[in-house]
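Heads up, query23.json below (JSON, C-alpha atoms):
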```
[["chain", "number", "residue", "atom", "x", "y", "z"],
["A", 30, "MET", "CA", -18.17, -3.92, -32.50],
["A", 31, "ASN", "CA", -21.92, -4.30, -32.07],
["A", 32, "LYS", "CA", -22.25, -2.19, -28.93],
["A", 33, "VAL", "CA", -20.68, 1.02, -27.76],
["A", 34, "TYR", "CA", -19.94, -0.52, -24.38],
["A", 35, "HIS", "CA", -18.60, -3.79, -23.04],
["A", 36, "LEU", "CA", -20.24, -5.39, -20.01],
["A", 37, "PHE", "CA", -18.22, -8.03, -18.19],
["A", 38, "GLU", "CA", -20.50, -10.74, -16.92],
["A", 39, "ASP", "CA", -17.65, -12.61, -15.22],
["A", 40, "ILE", "CA", -18.39, -11.40, -11.75],
["A", 41, "LEU", "CA", -15.58, -10.12, -9.54],
["A", 42, "PRO", "CA", -15.22, -12.69, -6.76],
["A", 43, "ASP", "CA", -17.01, -11.76, -3.51],
["A", 44, "ASN", "CA", -13.80, -11.98, -1.49],
["A", 45, "LEU", "CA", -12.07, -9.46, -3.78],
["A", 46, "THR", "CA", -15.16, -7.22, -3.82],
["A", 47, "GLN", "CA", -15.48, -7.17, -0.02],
["A", 48, "GLY", "CA", -11.72, -6.84, 0.40],
["A", 49, "LEU", "CA", -11.74, -3.84, -1.92],
["A", 50, "ILE", "CA", -14.58, -2.22, 0.02],
["A", 51, "ASP", "CA", -12.90, -2.90, 3.39],
["A", 52, "ARG", "CA", -9.56, -1.46, 2.23],
["A", 53, "ALA", "CA", -11.13, 1.55, 0.49],
["A", 54, "GLU", "CA", -13.12, 2.44, 3.60],
["A", 55, "LEU", "CA", -9.80, 2.97, 5.42],
["A", 56, "LEU", "CA", -8.83, 5.77, 3.01],
["A", 57, "GLN", "CA", -9.57, 9.44, 3.65],
["A", 58, "PRO", "CA", -13.08, 10.32, 2.38],
["A", 59, "MET", "CA", -13.76, 13.57, 0.58],
["A", 60, "GLU", "CA", -16.76, 15.31, -0.86],
["A", 61, "ALA", "CA", -16.94, 14.90, -4.62],
["A", 62, "LYS", "CA", -16.23, 17.93, -6.76],
["A", 63, "PHE", "CA", -17.03, 18.84, -10.35],
["A", 64, "ASP", "CA", -14.51, 21.03, -12.17],
["A", 65, "GLY", "CA", -12.75, 21.67, -8.87],
["A", 66, "GLU", "CA", -15.72, 22.75, -6.77],
["A", 67, "VAL", "CA", -18.65, 21.22, -4.91],
["A", 68, "ARG", "CA", -21.77, 21.53, -7.07],
["A", 69, "GLU", "CA", -24.65, 19.69, -5.46],
["A", 70, "LYS", "CA", -26.90, 20.15, -8.49],
["A", 71, "VAL", "CA", -24.34, 18.20, -10.52],
["A", 72, "ARG", "CA", -22.95, 15.68, -8.04],
["A", 73, "ILE", "CA", -23.49, 14.50, -4.49],
["A", 74, "SER", "CA", -21.25, 11.63, -3.42],
["A", 75, "GLU", "CA", -18.37, 10.69, -1.17],
["A", 76, "LEU", "CA", -15.18, 9.45, -2.75],
["A", 77, "ARG", "CA", -11.78, 8.08, -1.91],
["A", 78, "TRP", "CA", -8.82, 8.07, -4.30],
["A", 79, "ILE", "CA", -6.86, 4.86, -4.76],
["A", 80, "TYR", "CA", -3.36, 5.31, -6.14],
["A", 81, "ARG", "CA", -1.42, 2.73, -8.12],
["A", 82, "GLN", "CA", 1.53, 2.97, -5.74],
["A", 83, "ASP", "CA", -0.63, 1.71, -2.85],
["A", 84, "GLU", "CA", 0.30, -1.98, -2.69],
["A", 85, "ARG", "CA", -2.90, -2.78, -0.78],
["A", 86, "PHE", "CA", -4.73, -2.39, -4.09],
["A", 87, "ALA", "CA", -2.32, -4.18, -6.44],
["A", 88, "ASP", "CA", -4.82, -7.00, -7.01],
["A", 89, "VAL", "CA", -7.53, -4.50, -7.93],
["A", 90, "TYR", "CA", -5.25, -2.71, -10.41],
["A", 91, "ARG", "CA", -4.37, -6.04, -12.04],
["A", 92, "PHE", "CA", -8.04, -7.00, -12.32],
["A", 93, "VAL", "CA", -9.00, -3.62, -13.85],
["A", 94, "ARG", "CA", -5.99, -3.54, -16.20],
["A", 95, "ASP", "CA", -6.74, -7.02, -17.52],
["A", 96, "ARG", "CA", -10.37, -6.08, -18.21],
["A", 97, "PHE", "CA", -9.33, -2.89, -20.02],
["A", 98, "TYR", "CA", -7.09, -4.91, -22.32],
["A", 99, "GLN", "CA", -9.88, -7.40, -22.96],
["A", 100, "ALA", "CA", -12.43, -4.66, -23.68],
["A", 101, "ASN", "CA", -10.01, -2.87, -25.97],
["A", 102, "GLN", "CA", -10.35, -5.74, -28.43],
["A", 103, "TYR", "CA", -13.70, -4.07, -29.19],
["A", 104, "PHE", "CA", -12.64, -0.42, -28.98],
["A", 105, "ASN", "CA", -9.09, -0.56, -30.39],
["A", 106, "VAL", "CA", -7.77, 2.67, -28.88],
["A", 107, "ASP", "CA", -4.23, 3.51, -27.83],
["A", 108, "PHE", "CA", -3.93, 3.93, -24.10],
["A", 109, "ILE", "CA", -1.65, 3.71, -21.10],
["A", 110, "ALA", "CA", -2.89, 1.42, -18.32],
["A", 111, "ASP", "CA", -2.04, 1.46, -14.61],
["A", 112, "LYS", "CA", -0.93, 5.11, -14.58],
["A", 113, "PHE", "CA", -4.04, 6.82, -13.26],
["A", 114, "PRO", "CA", -5.83, 6.67, -9.88],
["A", 115, "LEU", "CA", -9.07, 4.84, -9.24],
["A", 116, "GLN", "CA", -12.03, 6.37, -7.45],
["A", 117, "TYR", "CA", -14.09, 4.52, -4.84],
["A", 118, "THR", "CA", -17.46, 6.30, -4.72],
["A", 119, "LYS", "CA", -20.48, 6.11, -2.42],
["A", 120, "TYR", "CA", -23.90, 7.58, -3.16],
["A", 121, "PHE", "CA", -26.15, 7.85, -0.09],
["A", 122, "GLY", "CA", -29.94, 7.65, -0.30],
["A", 123, "HIS", "CA", -30.43, 10.02, 2.65],
["A", 124, "ALA", "CA", -28.56, 12.70, 0.64],
["A", 125, "SER", "CA", -30.14, 11.86, -2.75],
["A", 126, "GLY", "CA", -26.65, 11.03, -3.98],
["A", 127, "HIS", "CA", -26.28, 11.36, -7.73],
["A", 128, "TYR", "CA", -24.01, 12.44, -10.59],
["A", 129, "ASP", "CA", -25.83, 14.35, -13.33],
["A", 130, "TRP", "CA", -25.16, 14.03, -17.08],
["A", 131, "HIS", "CA", -21.45, 14.28, -17.86],
["A", 132, "GLN", "CA", -18.59, 12.98, -19.96],
["A", 133, "ASP", "CA", -15.40, 11.67, -18.40],
["A", 134, "VAL", "CA", -13.22, 13.61, -20.84],
["A", 135, "ARG", "CA", -11.87, 17.09, -20.33],
["A", 136, "TRP", "CA", -11.46, 19.29, -23.37],
["A", 137, "PRO", "CA", -8.95, 20.52, -24.32],
["A", 138, "THR", "CA", -6.32, 17.93, -23.46],
["A", 139, "GLN", "CA", -5.62, 17.75, -19.75],
["A", 140, "ALA", "CA", -2.48, 19.14, -18.17],
["A", 141, "THR", "CA", -1.12, 15.58, -18.22],
["A", 142, "GLY", "CA", -0.87, 15.72, -22.01],
["A", 143, "TYR", "CA", -3.21, 12.73, -22.29],
["A", 144, "ASP", "CA", -6.89, 12.35, -23.16],
["A", 145, "ARG", "CA", -9.20, 9.94, -21.39],
["A", 146, "LYS", "CA", -10.07, 7.17, -23.83],
["A", 147, "LEU", "CA", -12.05, 4.53, -21.95],
["A", 148, "SER", "CA", -13.93, 4.65, -18.66],
["A", 149, "PHE", "CA", -15.02, 1.84, -16.41],
["A", 150, "ILE", "CA", -17.48, 1.38, -13.59],
["A", 151, "LEU", "CA", -17.26, -1.63, -11.29],
["A", 152, "GLN", "CA", -20.48, -2.24, -9.38],
["A", 153, "LEU", "CA", -19.78, -2.87, -5.67],
["A", 154, "SER", "CA", -23.39, -3.01, -4.41],
["A", 155, "ASN", "CA", -26.22, -5.40, -5.14],
["A", 156, "ALA", "CA", -29.60, -4.12, -6.25],
["A", 157, "ASP", "CA", -31.14, -4.91, -2.84],
["A", 158, "GLU", "CA", -28.66, -2.59, -1.07],
["A", 159, "TYR", "CA", -30.08, 0.63, -2.56],
["A", 160, "GLU", "CA", -32.98, 2.10, -4.51],
["A", 161, "GLY", "CA", -32.65, 4.41, -7.50],
["A", 162, "GLY", "CA", -29.07, 5.10, -8.55],
["A", 163, "GLU", "CA", -29.46, 3.67, -12.04],
["A", 164, "LEU", "CA", -26.56, 4.13, -14.43],
["A", 165, "GLU", "CA", -28.05, 5.78, -17.52],
["A", 166, "PHE", "CA", -26.60, 6.68, -20.92],
["A", 167, "GLN", "CA", -27.75, 9.13, -23.54],
["A", 168, "HIS", "CA", -28.13, 7.85, -27.08],
["A", 169, "ILE", "CA", -27.81, 4.11, -26.35],
["A", 170, "ARG", "CA", -30.96, 2.31, -27.40],
["A", 171, "ASP", "CA", -30.11, -1.16, -26.12],
["A", 172, "TRP", "CA", -28.92, -0.13, -22.63],
["A", 173, "ASP", "CA", -31.02, -1.49, -19.77],
["A", 174, "PRO", "CA", -29.86, -0.11, -16.39],
["A", 175, "SER", "CA", -31.14, -3.21, -14.57],
["A", 176, "GLN", "CA", -28.43, -5.32, -16.25],
["A", 177, "PHE", "CA", -25.83, -3.45, -14.22],
["A", 178, "LYS", "CA", -27.19, -3.81, -10.69],
["A", 179, "GLN", "CA", -25.31, -6.96, -9.69],
["A", 180, "LYS", "CA", -22.24, -6.63, -7.49],
["A", 181, "GLY", "CA", -19.01, -7.39, -9.32],
["A", 182, "LYS", "CA", -20.09, -6.48, -12.86],
["A", 183, "MET", "CA", -17.80, -4.16, -14.77],
["A", 184, "LEU", "CA", -18.73, -1.87, -17.60],
["A", 185, "VAL", "CA", -16.22, -0.31, -20.02],
["A", 186, "PHE", "CA", -17.28, 2.45, -22.40],
["A", 187, "PRO", "CA", -15.77, 5.36, -24.36],
["A", 188, "SER", "CA", -15.10, 8.30, -22.05],
["A", 189, "VAL", "CA", -16.85, 10.69, -24.46],
["A", 190, "MET", "CA", -20.26, 9.08, -23.81],
["A", 191, "TYR", "CA", -22.72, 11.12, -21.74],
["A", 192, "HIS", "CA", -23.87, 9.19, -18.70],
["A", 193, "ARG", "CA", -25.23, 9.76, -15.22],
["A", 194, "VAL", "CA", -26.04, 8.09, -11.92],
["A", 195, "ALA", "CA", -29.69, 8.84, -11.13],
["A", 196, "PRO", "CA", -30.47, 9.91, -7.54],
["A", 197, "VAL", "CA", -30.22, 7.17, -4.94],
["A", 198, "THR", "CA", -33.41, 7.26, -2.88],
["A", 199, "ALA", "CA", -32.54, 4.68, -0.20],
["A", 200, "GLY", "CA", -29.49, 2.77, 0.97],
["A", 201, "VAL", "CA", -25.94, 3.15, -0.35],
["A", 202, "ARG", "CA", -24.65, 2.57, -3.88],
["A", 203, "ARG", "CA", -20.91, 1.80, -4.03],
["A", 204, "SER", "CA", -18.75, 1.69, -7.14],
["A", 205, "LEU", "CA", -15.18, 1.83, -8.32],
["A", 206, "VAL", "CA", -14.53, 4.00, -11.35],
["A", 207, "GLY", "CA", -11.49, 4.80, -13.41],
["A", 208, "TRP", "CA", -10.13, 5.62, -16.78],
["A", 209, "VAL", "CA", -7.32, 4.87, -19.14],
["A", 210, "GLU", "CA", -5.73, 7.71, -21.04],
["A", 211, "GLY", "CA", -3.59, 7.98, -24.11],
["A", 212, "ALA", "CA", -2.12, 10.40, -26.59],
["A", 213, "PRO", "CA", -4.54, 13.19, -27.53],
["A", 214, "TRP", "CA", -7.31, 12.29, -29.95],
["A", 215, "ARG", "CA", -6.54, 13.13, -33.57]]
```
Can you turn what I pasted into C-alpha cells?
Amino acid sequence: MNKVYHLFEDILPDNLTQGLIDRAELLQPMEAKFDGEVREKVRISELRWIYRQDERFADVYRFVRDRFYQANQYFNVDFIADKFPLQYTKYFGHASGHYDWHQDVRWPTQATGYDRKLSFILQLSNADEYEGGELEFQHIRDWDPSQFKQKGKMLVFPSVMYHRVAPVTAGVRRSLVGWVEGAPWR
C-alpha cells in the first residue's frame, strides 16, 4: 500500500447521487452530537441516520459495501460490512458548519464489542455548491483537499486517522459517511 487512504475516482452516477439526496432529505434531521452532546466548538452540522433495514437505501448499501471490499485489498483488515448505519450530513455556510479534528474510533471497544476499522466519506456536493469545508488530514503529506471536491467521489481510510471538515463559509456541503467494524484490534 503506497497511501494510507484509497480514493475512488469512479464517480457515483448522478442519478444515484441525486436519488440518495432526495431520499435522505425525507428522513428526520437531527443536530449532530459529539460524545452524546451538542458541542458547537467541535461540530456544527445536521445529520440523518440511514439504517440497513430501510429498503429505500439498498442500492446505496450495495455500492458502499462493494467499495469497502475493493479498498480492503489495500488495507487488509477484518471487518463486518452492512451491519452499521450510514450518516447523511449537511454543513451549512450560514452556520459555519464544521467538524473539528477527530478520529472515528472510540476507545475502549464500543458497547457493540466491535472496533471501527475503516471509514468512508462519499462527496455529495460539487465544489461550486459551497466554499470552505475542505476535508483535511493530519500527518498525510500527499493529501490535497481539492482532489475530493467532486460529487460522487468516495474516500476510504483507517478510522484511527485524525481528520476534520474545515468550516463551510458559504453554501451547503453534503456527504454520506459510514464505517465498517470488526473484532477488537489486537
- Task: Give me, please, the distance in Å between CA of Thr46 in chain A and CA of Lys180 in chain A, quoted to one decimal.
- Result: 8.0 Å
- All residues 6 Å or closer to Lys119 in chain A, all atoms listed in the file, same chain fewer than 2 positions away omitted, as a list in words: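 Listing them by chain and then by number gives Ser74, Glu75, Arg202 and Arg203 of chain A.
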File of the preceding selection, C-alpha atoms, as an mmCIF file, keeping the file's coordinate frame:
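Result saved to out-v7.cif:
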```cif
data_model
loop_
_atom_site.group_PDB
_atom_site.id
_atom_site.type_symbol
_atom_site.label_atom_id
_atom_site.label_comp_id
_atom_site.auth_asym_id
_atom_site.auth_seq_id
_atom_site.Cartn_x
_atom_site.Cartn_y
_atom_site.Cartn_z
ATOM 1 C CA SER A 74 -21.250 11.630 -3.420
ATOM 2 C CA GLU A 75 -18.370 10.690 -1.170
ATOM 3 C CA ARG A 202 -24.650 2.570 -3.880
ATOM 4 C CA ARG A 203 -20.910 1.800 -4.030
#
```
- Counting all atoms listed in the file, what is within 10 Å of range 86-97 of chain A, bar same-chain residues fewer than 2 positions away, as a ChimeraX atom specification? /A:35,37,41,45-46,48-49,52-53,79-84,99-102,104,108-112,114-115,147-151,183-186,205-209
- Query: When distances are computed from all atoms listed in the file, which of A:Phe166, A:Arg145, A:Gln47, A:Lys182 shows the smallest separation from Trp214 in chain A?
  - Reply: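 Nearest candidate to Trp214 in chain A out of A:Phe166, A:Arg145, A:Gln47, A:Lys182: A:Arg145.
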Which residues come within 9 Å of Glu158 in chain A, counting only C-alpha atoms, excluding same-chain residues fewer than 5 positions away, as a PDB file with C-alpha atoms, keeping the file's coordinate frame?
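The file below, part-v5.pdb, is the result:
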```pdb
ATOM      1  CA  ALA A 199     -32.540   4.680  -0.200  1.00  0.00           C
ATOM      2  CA  GLY A 200     -29.490   2.770   0.970  1.00  0.00           C
ATOM      3  CA  VAL A 201     -25.940   3.150  -0.350  1.00  0.00           C
ATOM      4  CA  ARG A 202     -24.650   2.570  -3.880  1.00  0.00           C
TER       5      ARG A 202
END
```
- Message: Just the number, please: distance in Å from CA of Asp129 in chain A to CA of Gly161 in chain A, one decimal.
- Response: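 We find that CA of Asp129 in chain A and CA of Gly161 in chain A lie 13.4 Å from each other.
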- Message: Taking 4 positions as the minimum chain separation for residues in the same chain, which residues sit within 9 Å of Trp78 in chain A when counting all atoms listed in the file? Answer as a list in words.
- Response: Ala53, Leu56, Gln57, Pro58, Met59, Pro114, Leu115, Gln116, Tyr117 and Thr118 of chain A
For C-alpha atoms, I'd like the residues from the last selection saved as a compact mmCIF listing (two decimals), keeping the file's coordinate frame.
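result_13.txt written:
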```
# COMPACT_ATOMS: atom_id res chain seq x y z
CA ALA A 53 -11.13 1.55 0.49
CA LEU A 56 -8.83 5.77 3.01
CA GLN A 57 -9.57 9.44 3.65
CA PRO A 58 -13.08 10.32 2.38
CA MET A 59 -13.76 13.57 0.58
CA PRO A 114 -5.83 6.67 -9.88
CA LEU A 115 -9.07 4.84 -9.24
CA GLN A 116 -12.03 6.37 -7.45
CA TYR A 117 -14.09 4.52 -4.84
CA THR A 118 -17.46 6.30 -4.72
```
- Task: Have a look at A:Pro174, A:Gly65, A:Pro187, A:Pro196 and name the one nearest to Gly122 in chain A; count only C-alpha atoms.
- Result: A:Pro196
- Using CA of Asn105 in chain A and CA of Glu38 in chain A as the two end points, give the distance in Å to one decimal.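 Rounded to one decimal, the two atoms are 20.4 Å apart.
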- Query: Smallest atom-to-atom distance to Val134 in chain A: which of A:Ala212, A:Gln176, A:Lys32, A:Lys146, using all atoms listed in the file?
  - Reply: A:Lys146
- With only C-alpha atoms as the atoms that count, which of A:Val33, A:Arg85, A:Glu165, A:Val197 lies nearest to Trp130 in chain A?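 Comparing A:Val33, A:Arg85, A:Glu165, A:Val197 against Trp130 in chain A, the winner is A:Glu165.
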- Item | Which of A:Tyr191, A:Tyr128, A:Tyr34, A:Phe121 sits closest to Tyr103 in chain A [using all atoms listed in the file] | A:Tyr34
Fill-in result for range 144-159 of chain A, N, CA, C and O atoms as a compact mmCIF listing (two decimals), keeping the file's coordinate frame:
```txt
# COMPACT_ATOMS: atom_id res chain seq x y z
N ASP A 144 -5.43 12.30 -23.15
CA ASP A 144 -6.89 12.35 -23.16
C ASP A 144 -7.43 11.05 -22.58
O ASP A 144 -6.86 9.98 -22.84
N ARG A 145 -8.52 11.15 -21.85
CA ARG A 145 -9.20 9.94 -21.39
C ARG A 145 -9.80 9.25 -22.60
O ARG A 145 -10.46 9.87 -23.42
N LYS A 146 -9.59 7.95 -22.68
CA LYS A 146 -10.07 7.17 -23.83
C LYS A 146 -11.23 6.27 -23.43
O LYS A 146 -12.27 6.26 -24.09
N LEU A 147 -11.02 5.46 -22.40
CA LEU A 147 -12.05 4.53 -21.95
C LEU A 147 -12.29 4.73 -20.46
O LEU A 147 -11.36 5.01 -19.71
N SER A 148 -13.53 4.57 -20.06
CA SER A 148 -13.93 4.65 -18.66
C SER A 148 -14.44 3.29 -18.22
O SER A 148 -14.88 2.48 -19.05
N PHE A 149 -14.40 3.05 -16.93
CA PHE A 149 -15.02 1.84 -16.41
C PHE A 149 -15.77 2.17 -15.13
O PHE A 149 -15.46 3.12 -14.42
N ILE A 150 -16.77 1.35 -14.86
CA ILE A 150 -17.48 1.38 -13.59
C ILE A 150 -17.60 -0.06 -13.12
O ILE A 150 -18.06 -0.93 -13.87
N LEU A 151 -17.16 -0.31 -11.91
CA LEU A 151 -17.26 -1.63 -11.29
C LEU A 151 -18.31 -1.54 -10.19
O LEU A 151 -18.16 -0.75 -9.25
N GLN A 152 -19.37 -2.28 -10.33
CA GLN A 152 -20.48 -2.24 -9.38
C GLN A 152 -20.08 -2.97 -8.09
O GLN A 152 -19.67 -4.13 -8.13
N LEU A 153 -20.17 -2.28 -6.96
CA LEU A 153 -19.78 -2.87 -5.67
C LEU A 153 -20.97 -3.06 -4.73
O LEU A 153 -20.77 -3.41 -3.57
N SER A 154 -22.18 -2.81 -5.21
CA SER A 154 -23.39 -3.01 -4.41
C SER A 154 -24.35 -3.88 -5.20
O SER A 154 -24.39 -3.81 -6.43
N ASN A 155 -25.13 -4.66 -4.50
CA ASN A 155 -26.22 -5.40 -5.14
C ASN A 155 -27.47 -4.54 -5.19
O ASN A 155 -27.62 -3.58 -4.42
N ALA A 156 -28.37 -4.89 -6.05
CA ALA A 156 -29.60 -4.12 -6.25
C ALA A 156 -30.41 -4.00 -4.96
O ALA A 156 -31.09 -2.99 -4.76
N ASP A 157 -30.34 -4.98 -4.07
CA ASP A 157 -31.14 -4.91 -2.84
C ASP A 157 -30.51 -4.03 -1.76
O ASP A 157 -31.08 -3.85 -0.69
N GLU A 158 -29.34 -3.45 -2.04
CA GLU A 158 -28.66 -2.59 -1.07
C GLU A 158 -29.02 -1.11 -1.23
O GLU A 158 -28.65 -0.29 -0.40
N TYR A 159 -29.71 -0.76 -2.34
CA TYR A 159 -30.08 0.63 -2.56
C TYR A 159 -31.26 0.69 -3.53
O TYR A 159 -31.55 -0.27 -4.24
```
